[in-house]
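Undergrad: Got a file for you: data.cif, mmCIF, C-alpha atoms.
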data_target
#
loop_
_atom_site.label_atom_id
_atom_site.label_comp_id
_atom_site.auth_asym_id
_atom_site.auth_seq_id
_atom_site.Cartn_x
_atom_site.Cartn_y
_atom_site.Cartn_z
CA MET A 12 38.48 7.69 -8.70
CA THR A 13 36.40 10.83 -8.17
CA SER A 14 36.63 13.26 -11.08
CA TRP A 15 37.76 16.84 -10.60
CA TYR A 16 34.31 18.06 -11.65
CA THR A 17 32.54 15.92 -9.05
CA GLN A 18 34.91 17.25 -6.40
CA LEU A 19 34.16 20.82 -7.53
CA VAL A 20 30.41 20.24 -7.21
CA SER A 21 30.45 18.20 -3.99
CA ARG A 22 33.02 20.35 -2.16
CA CYS A 23 32.22 23.83 -3.47
CA LEU A 24 29.20 24.38 -5.69
CA PHE A 25 26.55 22.28 -3.91
CA PRO A 26 27.62 23.38 -0.40
CA LEU A 27 27.36 26.99 -1.63
CA HIS A 28 23.95 26.20 -3.13
CA GLU A 29 22.75 24.82 0.21
CA ARG A 30 24.08 27.78 2.20
CA LEU A 31 22.37 30.24 -0.13
CA LYS A 32 19.10 28.37 0.53
CA GLY A 33 19.65 28.72 4.28
CA HIS A 34 20.30 25.01 4.78
CA SER A 35 22.88 23.50 7.13
CA THR A 36 23.23 20.36 5.02
CA TYR A 37 27.00 19.97 4.96
CA ARG A 38 27.52 20.70 8.64
CA LEU A 39 24.99 17.96 9.36
CA LEU A 40 26.53 15.64 6.76
CA ALA A 41 29.90 15.85 8.50
CA ALA A 42 28.25 14.98 11.81
CA LEU A 43 26.37 12.05 10.26
CA GLU A 44 29.48 10.63 8.64
CA HIS A 45 31.08 10.61 12.09
CA SER A 46 28.13 9.32 14.12
CA GLN A 47 27.53 6.28 11.91
CA TRP A 48 30.72 4.77 13.36
CA LEU A 49 29.82 5.37 17.02
CA THR A 50 29.24 2.37 19.24
CA PRO A 51 25.57 1.34 19.63
CA ALA A 52 25.59 2.75 23.18
CA GLN A 53 27.02 6.08 22.02
CA LEU A 54 24.51 6.30 19.18
CA ALA A 55 21.64 5.52 21.55
CA GLN A 56 22.82 8.27 23.92
CA LEU A 57 23.05 10.76 21.03
CA GLN A 58 19.52 9.88 19.94
CA GLN A 59 18.21 10.17 23.49
CA ASP A 60 19.79 13.60 23.99
CA LYS A 61 18.27 14.82 20.72
CA LEU A 62 14.87 13.40 21.67
CA GLN A 63 14.84 15.24 25.00
CA ALA A 64 15.74 18.55 23.35
CA PHE A 65 13.18 18.01 20.59
CA ILE A 66 10.32 17.19 22.97
CA SER A 67 11.16 20.16 25.19
CA GLN A 68 11.09 22.44 22.17
CA ALA A 69 7.80 21.02 20.91
CA VAL A 70 6.09 21.44 24.28
CA ALA A 71 7.42 24.98 24.62
CA GLU A 72 6.62 26.19 21.10
CA VAL A 73 3.88 24.11 19.45
CA PRO A 74 0.25 24.69 20.57
CA TYR A 75 -0.89 21.15 19.71
CA TYR A 76 1.74 19.57 21.95
CA GLN A 77 1.31 22.17 24.67
CA GLN A 78 -2.36 21.21 24.89
CA LEU A 79 -1.70 17.48 24.50
CA PHE A 80 0.85 17.32 27.34
CA GLN A 81 -1.42 19.39 29.58
CA ARG A 82 -4.38 17.10 28.86
CA LEU A 83 -2.29 13.99 29.58
CA GLY A 84 -0.80 15.46 32.76
CA LEU A 85 2.73 15.19 31.36
CA ASN A 86 5.67 17.53 31.10
CA ALA A 87 8.57 17.46 28.67
CA GLY A 88 10.80 15.75 31.24
CA ASP A 89 8.57 12.70 31.21
CA ILE A 90 9.85 11.80 27.73
CA ARG A 91 13.50 10.94 28.31
CA SER A 92 14.03 7.95 26.01
CA PRO A 93 12.42 6.36 22.94
CA ALA A 94 10.65 3.90 25.26
CA ASP A 95 8.84 6.84 26.90
CA LEU A 96 7.21 7.79 23.60
CA THR A 97 4.53 5.17 24.32
CA LYS A 98 3.11 7.68 26.83
CA LEU A 99 2.00 9.77 23.85
CA PRO A 100 -0.77 8.97 21.36
CA LEU A 101 -0.03 8.17 17.75
CA LEU A 102 -0.14 10.84 15.05
CA ASP A 103 -1.82 10.07 11.74
CA LYS A 104 -2.95 11.87 8.62
CA SER A 105 -6.43 12.63 9.94
CA LEU A 106 -4.98 14.29 13.06
CA ILE A 107 -2.59 16.38 10.99
CA ARG A 108 -5.39 17.43 8.69
CA SER A 109 -7.69 18.42 11.55
CA HIS A 110 -5.00 20.13 13.67
CA SER A 111 -2.71 21.54 11.00
CA ALA A 112 -2.85 25.12 12.29
CA GLN A 113 -1.99 24.01 15.85
CA LEU A 114 0.99 21.93 14.68
CA PHE A 115 2.99 24.97 13.57
CA SER A 116 5.61 26.27 16.00
CA ASN A 117 5.03 29.77 17.33
CA LYS A 118 8.66 30.52 16.43
CA SER A 119 9.68 31.75 12.99
CA TYR A 120 10.72 29.11 10.45
CA ARG A 121 10.96 29.00 6.68
CA TYR A 122 8.51 26.41 5.43
CA SER A 123 8.03 24.48 2.24
CA ARG A 124 4.74 22.76 1.54
CA GLY A 125 4.56 19.03 1.02
CA SER A 126 1.75 16.72 0.04
CA THR A 127 1.32 13.01 -0.35
CA GLY A 128 -1.35 10.47 -1.18
CA GLY A 129 0.17 8.08 1.31
CA SER A 130 -0.37 4.36 1.72
CA SER A 131 -3.65 5.07 3.52
CA GLY A 132 -5.11 6.69 0.43
CA GLN A 133 -5.82 9.89 2.34
CA PRO A 134 -4.31 13.01 0.75
CA LEU A 135 -2.18 14.95 3.21
CA THR A 136 -0.73 18.44 3.17
CA PHE A 137 2.08 19.12 5.63
CA TYR A 138 4.95 21.57 6.07
CA MET A 139 8.71 21.18 6.31
CA ASP A 140 10.99 23.71 7.96
CA GLN A 141 14.56 24.33 6.81
CA HIS A 142 15.96 22.03 9.51
CA ARG A 143 13.90 19.07 8.32
CA VAL A 144 14.97 19.64 4.70
CA SER A 145 18.63 19.98 5.66
CA HIS A 146 18.62 16.77 7.69
CA ASP A 147 16.86 14.77 4.99
CA VAL A 148 19.26 15.97 2.28
CA ALA A 149 22.28 15.27 4.49
CA ALA A 150 21.05 11.74 5.26
CA LYS A 151 20.50 11.08 1.57
CA LEU A 152 23.97 12.37 0.66
CA ARG A 153 25.54 10.14 3.30
CA ALA A 154 23.77 7.09 1.90
CA THR A 155 24.76 8.05 -1.64
CA ARG A 156 28.42 8.20 -0.62
CA TRP A 157 28.21 4.67 0.80
CA TRP A 158 28.12 3.52 -2.81
CA GLY A 159 31.12 5.50 -4.07
CA VAL A 160 29.14 8.18 -5.87
CA ASP A 161 28.40 11.77 -4.91
CA ILE A 162 26.55 14.88 -5.94
CA GLY A 163 28.21 16.07 -9.14
CA ASP A 164 28.54 12.60 -10.63
CA LYS A 165 26.28 12.18 -13.64
CA GLU A 166 22.81 11.25 -12.43
CA ALA A 167 19.60 10.26 -14.21
CA VAL A 168 16.39 10.64 -12.18
CA ILE A 169 13.39 8.75 -13.53
CA TRP A 170 10.58 10.30 -11.54
CA GLY A 171 6.94 11.18 -11.83
CA ALA A 172 6.05 13.66 -9.12
CA PRO A 173 4.64 16.99 -10.29
CA ILE A 174 6.41 18.65 -7.37
CA GLU A 175 9.62 17.92 -9.28
CA LEU A 176 8.47 17.90 -12.89
CA GLY A 177 6.55 21.13 -12.42
CA LYS A 178 9.61 23.04 -11.29
CA GLN A 179 11.60 22.86 -14.50
CA SER A 180 12.20 26.59 -14.54
CA ARG A 181 15.15 28.07 -16.39
CA LEU A 182 17.05 28.51 -13.12
CA LYS A 183 16.49 24.92 -12.03
CA SER A 184 17.35 23.68 -15.50
CA TRP A 185 20.70 25.44 -15.32
CA ARG A 186 21.25 24.12 -11.79
CA ASP A 187 20.59 20.54 -12.93
CA LYS A 188 23.02 20.98 -15.81
CA LEU A 189 25.63 22.32 -13.41
CA PHE A 190 25.18 19.34 -11.09
CA ARG A 191 24.92 16.93 -14.06
CA SER A 192 21.46 15.65 -13.12
CA VAL A 193 18.86 14.79 -15.76
CA LEU A 194 15.19 14.43 -14.79
CA MET A 195 13.06 12.13 -16.94
CA PRO A 196 9.26 11.61 -16.64
CA ALA A 197 8.08 8.23 -15.39
CA LEU A 198 4.30 8.16 -15.37
CA THR A 199 3.04 6.95 -18.74
CA LEU A 200 5.30 4.24 -20.16
CA THR A 201 4.57 4.56 -23.85
CA PRO A 202 6.95 2.85 -26.30
CA GLU A 203 7.95 6.30 -27.54
CA LEU A 204 8.82 7.51 -24.02
CA ILE A 205 10.78 4.35 -23.26
CA GLU A 206 12.74 4.80 -26.49
CA THR A 207 13.44 8.43 -25.57
CA GLN A 208 14.60 7.45 -22.08
CA LEU A 209 16.93 4.79 -23.46
CA GLN A 210 18.42 7.34 -25.86
CA GLN A 211 18.87 9.88 -23.04
CA LEU A 212 20.63 7.31 -20.87
CA GLN A 213 22.93 6.32 -23.72
CA GLN A 214 23.80 9.97 -24.36
CA GLN A 215 24.33 10.90 -20.70
CA GLN A 216 26.19 7.77 -19.52
CA PRO A 217 25.15 8.38 -15.87
CA ALA A 218 27.14 7.08 -12.93
CA MET A 219 23.94 6.61 -10.92
CA LEU A 220 20.29 6.10 -11.68
CA PHE A 221 17.49 7.04 -9.30
CA GLY A 222 13.77 6.30 -9.49
CA TYR A 223 10.79 4.02 -8.91
CA PRO A 224 11.78 0.32 -9.04
CA SER A 225 8.72 -0.65 -11.06
CA VAL A 226 9.47 1.95 -13.72
CA ILE A 227 13.17 1.10 -13.97
CA TYR A 228 12.18 -2.57 -14.16
CA GLN A 229 9.86 -1.83 -17.09
CA LEU A 230 12.64 0.15 -18.73
CA CYS A 231 14.96 -2.85 -18.40
CA LEU A 232 12.38 -5.14 -19.99
CA ALA A 233 11.95 -2.69 -22.86
CA ALA A 234 15.72 -2.49 -23.34
CA LYS A 235 15.88 -6.27 -23.45
CA ARG A 236 13.18 -6.39 -26.12
CA GLN A 237 15.09 -3.82 -28.16
CA ARG A 238 18.38 -5.61 -27.49
CA ALA A 239 19.83 -2.46 -25.97
CA ASP A 240 22.80 -3.24 -23.71
CA LEU A 241 22.34 -1.15 -20.55
CA SER A 242 25.55 -2.52 -19.05
CA ARG A 243 27.53 -0.39 -21.51
CA LEU A 244 26.26 2.81 -19.84
CA GLY A 245 28.67 2.42 -16.94
CA VAL A 246 26.07 2.95 -14.20
CA LYS A 247 27.72 2.24 -10.83
CA VAL A 248 24.54 1.93 -8.74
CA VAL A 249 20.78 2.14 -9.20
CA PHE A 250 18.97 3.81 -6.29
CA VAL A 251 15.30 2.89 -5.94
CA THR A 252 12.66 4.20 -3.55
CA SER A 253 8.96 5.03 -3.03
CA GLU A 254 7.82 1.48 -3.72
CA MET A 255 8.34 -2.02 -2.49
CA LEU A 256 11.28 -3.55 -4.35
CA TYR A 257 10.52 -7.12 -5.37
CA PRO A 258 13.34 -9.69 -5.77
CA HIS A 259 12.62 -10.24 -9.46
CA GLU A 260 12.81 -6.48 -10.07
CA ARG A 261 16.12 -6.23 -8.22
CA ASP A 262 17.54 -9.16 -10.19
CA THR A 263 16.44 -7.80 -13.56
CA ILE A 264 17.68 -4.26 -12.85
CA SER A 265 21.01 -5.47 -11.49
CA GLN A 266 21.57 -7.86 -14.40
CA SER A 267 20.57 -5.25 -16.97
CA PHE A 268 22.91 -2.53 -15.70
CA GLN A 269 25.51 -4.95 -14.29
CA CYS A 270 25.61 -2.98 -11.04
CA PRO A 271 24.11 -3.18 -7.54
CA VAL A 272 20.64 -1.92 -6.66
CA ALA A 273 20.38 0.16 -3.48
CA ASN A 274 16.96 0.27 -1.89
CA GLY A 275 15.81 3.30 0.08
CA TYR A 276 12.84 3.62 2.41
CA GLY A 277 11.20 6.89 3.24
CA ALA A 278 8.35 9.21 2.39
CA ARG A 279 7.69 12.88 1.81
CA ASP A 280 5.79 13.09 5.09
CA ALA A 281 7.85 10.73 7.27
CA GLY A 282 11.30 11.69 5.99
CA PHE A 283 14.43 9.83 4.86
CA ILE A 284 14.06 6.79 7.12
CA ALA A 285 16.46 4.06 5.98
CA HIS A 286 18.81 3.15 3.17
CA GLU A 287 20.62 0.05 2.02
CA CYS A 288 24.38 -0.17 2.44
CA PRO A 289 26.73 -2.17 0.18
CA ALA A 290 26.50 -5.08 2.62
CA GLY A 291 22.81 -5.38 1.74
CA ARG A 292 21.24 -4.12 4.98
CA MET A 293 18.77 -1.24 5.42
CA HIS A 294 20.19 1.22 7.98
CA ILE A 295 17.88 3.61 9.82
CA SER A 296 18.94 7.28 9.93
CA ALA A 297 18.84 6.92 13.70
CA GLU A 298 20.49 10.24 14.52
CA ASP A 299 17.31 12.04 13.44
CA ILE A 300 14.74 9.27 13.05
CA ILE A 301 13.28 7.11 15.83
CA VAL A 302 11.47 4.07 14.46
CA GLU A 303 8.95 2.16 16.56
CA LEU A 304 7.37 -1.06 15.33
CA LEU A 305 3.92 -1.59 16.78
CA ASP A 306 1.36 -4.41 16.72
CA ASP A 307 -2.34 -4.02 15.98
CA ASP A 308 -2.95 -2.86 19.56
CA GLY A 309 -0.30 -0.16 19.32
CA GLN A 310 2.20 -2.04 21.48
CA PRO A 311 5.89 -2.48 20.61
CA VAL A 312 6.77 -5.79 18.97
CA ALA A 313 9.81 -7.85 19.85
CA ALA A 314 12.95 -7.64 17.72
CA GLY A 315 12.54 -9.81 14.66
CA GLN A 316 8.74 -9.53 14.68
CA SER A 317 6.78 -7.53 12.13
CA GLY A 318 5.02 -4.33 13.14
CA GLU A 319 3.76 -1.04 11.76
CA ILE A 320 6.48 1.55 11.25
CA VAL A 321 5.88 4.61 13.45
CA VAL A 322 8.31 7.50 13.05
CA THR A 323 9.44 10.35 15.26
CA HIS A 324 11.47 12.80 13.19
CA LEU A 325 13.79 14.70 15.55
CA ALA A 326 14.56 17.43 13.00
CA THR A 327 11.03 18.80 12.61
CA PRO A 328 10.82 21.64 15.17
CA GLY A 329 8.64 23.87 12.98
CA PHE A 330 5.97 21.24 12.26
CA PRO A 331 6.70 18.23 14.50
CA PHE A 332 6.19 14.63 13.45
CA ILE A 333 5.99 12.66 16.72
CA ARG A 334 4.90 9.01 16.60
CA TYR A 335 3.66 9.32 13.03
CA ARG A 336 2.00 6.25 11.55
CA THR A 337 3.34 5.31 8.13
CA GLY A 338 0.98 2.37 7.55
CA ASP A 339 3.93 0.24 6.40
CA LEU A 340 5.17 -2.95 8.01
CA ALA A 341 8.74 -4.03 8.79
CA GLN A 342 10.98 -5.78 11.29
CA LEU A 343 14.01 -4.67 13.29
CA ASP A 344 16.98 -6.93 12.68
CA PRO A 345 19.00 -7.27 15.92
CA GLN A 346 22.09 -8.60 14.12
CA PRO A 347 24.82 -5.99 13.54
CA CYS A 348 25.77 -5.25 9.95
CA SER A 349 29.07 -6.45 8.54
CA CYS A 350 29.72 -2.94 7.16
CA GLY A 351 30.60 -1.85 10.72
CA ARG A 352 28.02 0.94 11.00
CA SER A 353 26.08 0.90 14.26
CA LEU A 354 22.94 2.34 12.67
CA PRO A 355 19.95 0.03 13.41
CA VAL A 356 18.83 -2.31 10.65
CA LEU A 357 15.31 -2.34 9.22
CA ALA A 358 14.27 -5.57 7.49
CA ASN A 359 11.41 -6.93 5.39
CA VAL A 360 9.81 -3.56 4.67
CA ARG A 361 6.39 -4.06 3.09
CA GLY A 362 4.13 -1.37 1.72
CA ARG A 363 3.35 1.29 -0.85
CA ARG A 364 3.46 -0.97 -3.89
CA ARG A 365 2.29 1.20 -6.80
CA ASP A 366 0.44 -0.62 -9.52
CA PHE A 367 0.12 0.35 -13.15
CA LEU A 368 -3.17 1.16 -14.84
CA LEU A 369 -3.76 0.29 -18.48
CA THR A 370 -4.68 3.11 -20.84
CA THR A 371 -7.19 2.50 -23.63
CA SER A 372 -4.32 2.63 -26.13
CA GLY A 373 -2.61 -0.24 -24.34
CA ASP A 374 0.10 1.79 -22.61
CA GLN A 375 0.87 1.54 -18.90
CA LEU A 376 0.21 4.47 -16.59
CA HIS A 377 2.05 4.55 -13.29
CA SER A 378 -0.53 4.92 -10.53
CA TRP A 379 1.22 8.00 -9.19
CA GLY A 380 -0.28 9.86 -12.16
CA ILE A 381 -3.78 9.27 -10.80
CA VAL A 382 -2.80 9.80 -7.17
CA TYR A 383 -1.36 13.24 -7.91
CA LEU A 384 -4.63 14.27 -9.52
CA LEU A 385 -6.62 13.42 -6.41
CA ARG A 386 -4.38 14.05 -3.44
CA ASP A 387 -4.69 17.87 -3.44
CA LEU A 388 -8.48 17.95 -3.81
CA THR A 389 -9.44 19.17 -0.36
CA ASP A 390 -13.03 17.92 -0.76
CA ILE A 391 -11.80 14.31 -0.88
CA GLU A 392 -10.80 12.63 2.38
CA LYS A 393 -10.12 9.17 1.00
CA PHE A 394 -10.16 7.48 -2.38
CA LYS A 395 -9.60 4.25 -4.25
CA VAL A 396 -9.24 3.73 -7.99
CA ILE A 397 -10.22 0.35 -9.42
CA GLN A 398 -9.67 -0.75 -13.00
CA HIS A 399 -12.27 -3.43 -13.75
CA GLN A 400 -11.81 -3.61 -17.53
CA ALA A 401 -9.55 -2.17 -20.20
CA THR A 402 -11.99 0.72 -20.69
CA GLN A 403 -13.62 0.89 -17.26
CA ILE A 404 -12.36 2.70 -14.17
CA GLU A 405 -14.23 3.06 -10.88
CA LEU A 406 -13.38 5.82 -8.41
CA LEU A 407 -14.56 5.41 -4.83
CA VAL A 408 -14.57 8.62 -2.81
CA VAL A 409 -15.06 9.43 0.86
CA ALA A 410 -15.98 13.08 1.41
CA GLU A 411 -17.96 15.09 3.95
CA GLN A 412 -20.02 16.76 1.24
CA PRO A 413 -21.21 15.43 -2.14
CA LEU A 414 -18.79 16.24 -4.92
CA SER A 415 -20.18 18.96 -7.14
CA PRO A 416 -21.04 18.13 -10.78
CA ASP A 417 -18.24 20.45 -11.89
CA THR A 418 -15.71 18.64 -9.70
CA GLN A 419 -16.82 15.26 -11.01
CA THR A 420 -16.63 16.49 -14.58
CA ASP A 421 -13.13 17.82 -14.01
CA ILE A 422 -12.00 14.52 -12.45
CA ARG A 423 -13.33 12.56 -15.42
CA ARG A 424 -11.67 14.96 -17.85
CA GLN A 425 -8.31 14.63 -16.06
CA PHE A 426 -8.61 10.82 -15.89
CA GLN A 427 -9.41 10.64 -19.60
CA ARG A 428 -6.49 12.90 -20.39
CA LEU A 429 -4.18 10.31 -18.84
CA LEU A 430 -6.04 7.09 -19.60
CA GLY A 431 -7.77 7.82 -22.93
CA THR A 432 -10.83 9.78 -23.98
CA ASP A 433 -12.84 6.56 -24.38
CA MET A 434 -12.15 5.42 -20.81
CA GLN A 435 -15.41 5.12 -18.84
CA ILE A 436 -15.07 6.57 -15.35
CA SER A 437 -17.71 5.98 -12.70
CA ILE A 438 -17.53 7.98 -9.46
CA SER A 439 -19.20 6.62 -6.32
CA GLN A 440 -19.30 8.42 -3.01
CA VAL A 441 -19.16 5.91 -0.13
CA ALA A 442 -19.15 6.08 3.66
CA ASP A 443 -15.76 4.41 4.00
CA ILE A 444 -13.17 2.40 2.09
CA PRO A 445 -11.96 -0.58 4.13
CA ALA A 446 -8.40 -1.85 4.13
CA SER A 447 -7.52 -5.09 2.39
CA ALA A 448 -7.28 -8.44 4.15
CA ASN A 449 -3.63 -7.90 5.12
CA GLY A 450 -4.49 -4.62 6.85
CA LYS A 451 -2.95 -2.46 4.14
CA TYR A 452 -4.81 0.14 2.15
CA CYS A 453 -4.50 -0.21 -1.60
CA TYR A 454 -5.58 3.05 -3.20
CA VAL A 455 -5.08 1.81 -6.77
CA GLU A 456 -6.19 -1.67 -7.74
CA ASN A 457 -5.83 -3.11 -11.23
CA LYS A 458 -8.12 -6.12 -11.51
CA LEU A 459 -6.67 -6.88 -14.94
CA VAL A 460 -3.43 -7.94 -13.26
CA SER A 461 -3.40 -11.36 -11.62
#
Take the structure in this file and express it as structure tokens.
TA:
Amino acid sequence: MTSWYTQLVSRCLFPLHERLKGHSTYRLLAALEHSQWLTPAQLAQLQQDKLQAFISQAVAEVPYYQQLFQRLGLNAGDIRSPADLTKLPLLDKSLIRSHSAQLFSNKSYRYSRGSTGGSSGQPLTFYMDQHRVSHDVAAKLRATRWWGVDIGDKEAVIWGAPIELGKQSRLKSWRDKLFRSVLMPALTLTPELIETQLQQLQQQQPAMLFGYPSVIYQLCLAAKRQRADLSRLGVKVVFVTSEMLYPHERDTISQSFQCPVANGYGARDAGFIAHECPAGRMHISAEDIIVELLDDDGQPVAAGQSGEIVVTHLATPGFPFIRYRTGDLAQLDPQPCSCGRSLPVLANVRGRRRDFLLTTSGDQLHSWGIVYLLRDLTDIEKFKVIQHQATQIELLVVAEQPLSPDTQTDIRRQFQRLLGTDMQISISQVADIPASANGKYCYVENKLVS
């Protein structure tokens, strides 16, 4: 039964919060909670109508797409269905980086800046308008409600992104307290930090837990070693995202908390793409997200076959993402879900597995810690971090110009701050960094792990 406080937050305080930020989150949430029960044909028609309006707006307002359509001899009316998207070239990080100024709409939008290391290892800066943010938040809230929890229920977020951890202002701190959300760091898993996190969880008794699967898995192992009973916390569901969720991690997390684990798939750049329902299937947020699965030649694969996930986000008018390559692989499952929702099902998602690096003191550092140091350095186009030995790290860098001595010194200093002052860091500038044998780019590789 939903508590009175959760109802106050979910029905009054958070909707007010979103309106004050200029977001249309709850209007969109109501629409999403209706459209998920449409028939497949009705949902397809809704998606097609949104696609046509989105493409027309992009061609009318965005210089990059104005020029692209003119060069290809196309007009907006030539893109009438998702199948017609194959008439357009793919969008990737390098194109966004080189055409960023032309990708802004000439209309007025409120933007927030985003950045990501991405599975390609290439740092990317992009921009999200208020419509994109509203749609992503609404899709996340819908998926959260599938599991019987809502904004306002006690929530623990085990996260490591500076974009979140760096915003712990007094105002945000009060907001988190009001919404009963606690943010805990997740980068360096020292025994002391694990002990602190376990104590925080025991004090808060959260209804839901959210974070990286690898970190929550390590937390469960630590709790087992300390004979701490996580099932007594009363967690109803553990939401995991940003990494590939392995079966053994799911089993351990579920057994530790005695609750289900709900996997989510998305990215800062690509948006909130899919989320697992209680029936165990990953539903695509199809009202705003078109997912194509392509083979190595860029051609659509048949249902049930694996292909690269390419996303068109229909709620990005200010900075459009059309046919954006994620670098991840998945399949479309043609079988309808027993939950009754007509949202398409994404299966066997593979990609973005974040490894841990070993510090010289023997602690584990989540690889996001290193990625966040490098992703915003504009001089670096591509990078890969390799741990060869317990005290030896190699950084491979692709850059147009040689890194300055000061930049290299700063990188070493930042690495040693996280990994230990006695960590040896070699920096090599190379022409390119090839993908691994499976076609995926691994930007952090720990050779100490078998």
Undergrad: Carefully work through the PyMOL selection byres ((chain A and resi 438) around 7) for this structure and note down the residues it includes, as a VMD selection string.
TA: chain A and resid 405 to 407 436 to 437 439 to 440
Undergrad: Once the PyMOL selection byres ((chain A and resi 282-288) around 8) is applied to the coordinates I shared, what remains selected? I want it as a list in words.
TA: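 Selected by the PyMOL selection byres ((chain A and resi 282-288) around 8) here: Asp147, Ala150, Lys151, Ala154, Trp157, Trp158, Ala273, Asn274, Gly275, Tyr276, Gly277, Ala278, Arg279, Asp280, Ala281, Pro289, Ala290, Gly291, Arg292, Met293, His294, Ile295, Ser296, Ile300, His324, Cys350 and Leu357 of chain A.
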Undergrad: Distance CA of Thr323 (chain A)-CA of Tyr335 (chain A), one decimal place?
TA: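 Separating CA of Thr323 (chain A) from CA of Tyr335 (chain A) is a distance of 6.3 Å.
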Undergrad: Which one is closest to Gln316 (chain A): A:Asp433, A:Phe221, A:Gly338, A:Leu343? Count all atoms listed in the file.
TA: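 Among the listed residues, the smallest separation from Gln316 (chain A) belongs to A:Leu343.
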Undergrad: Skipping near chain neighbours, those fewer than 3 positions away, what residues fall within 9 Å of Asp306 (chain A) using only C-alpha atoms, listed as a list in words?
TA: Gly309, Gln310, Pro311, Val312, Ser317, Gly318 and Glu319 of chain A
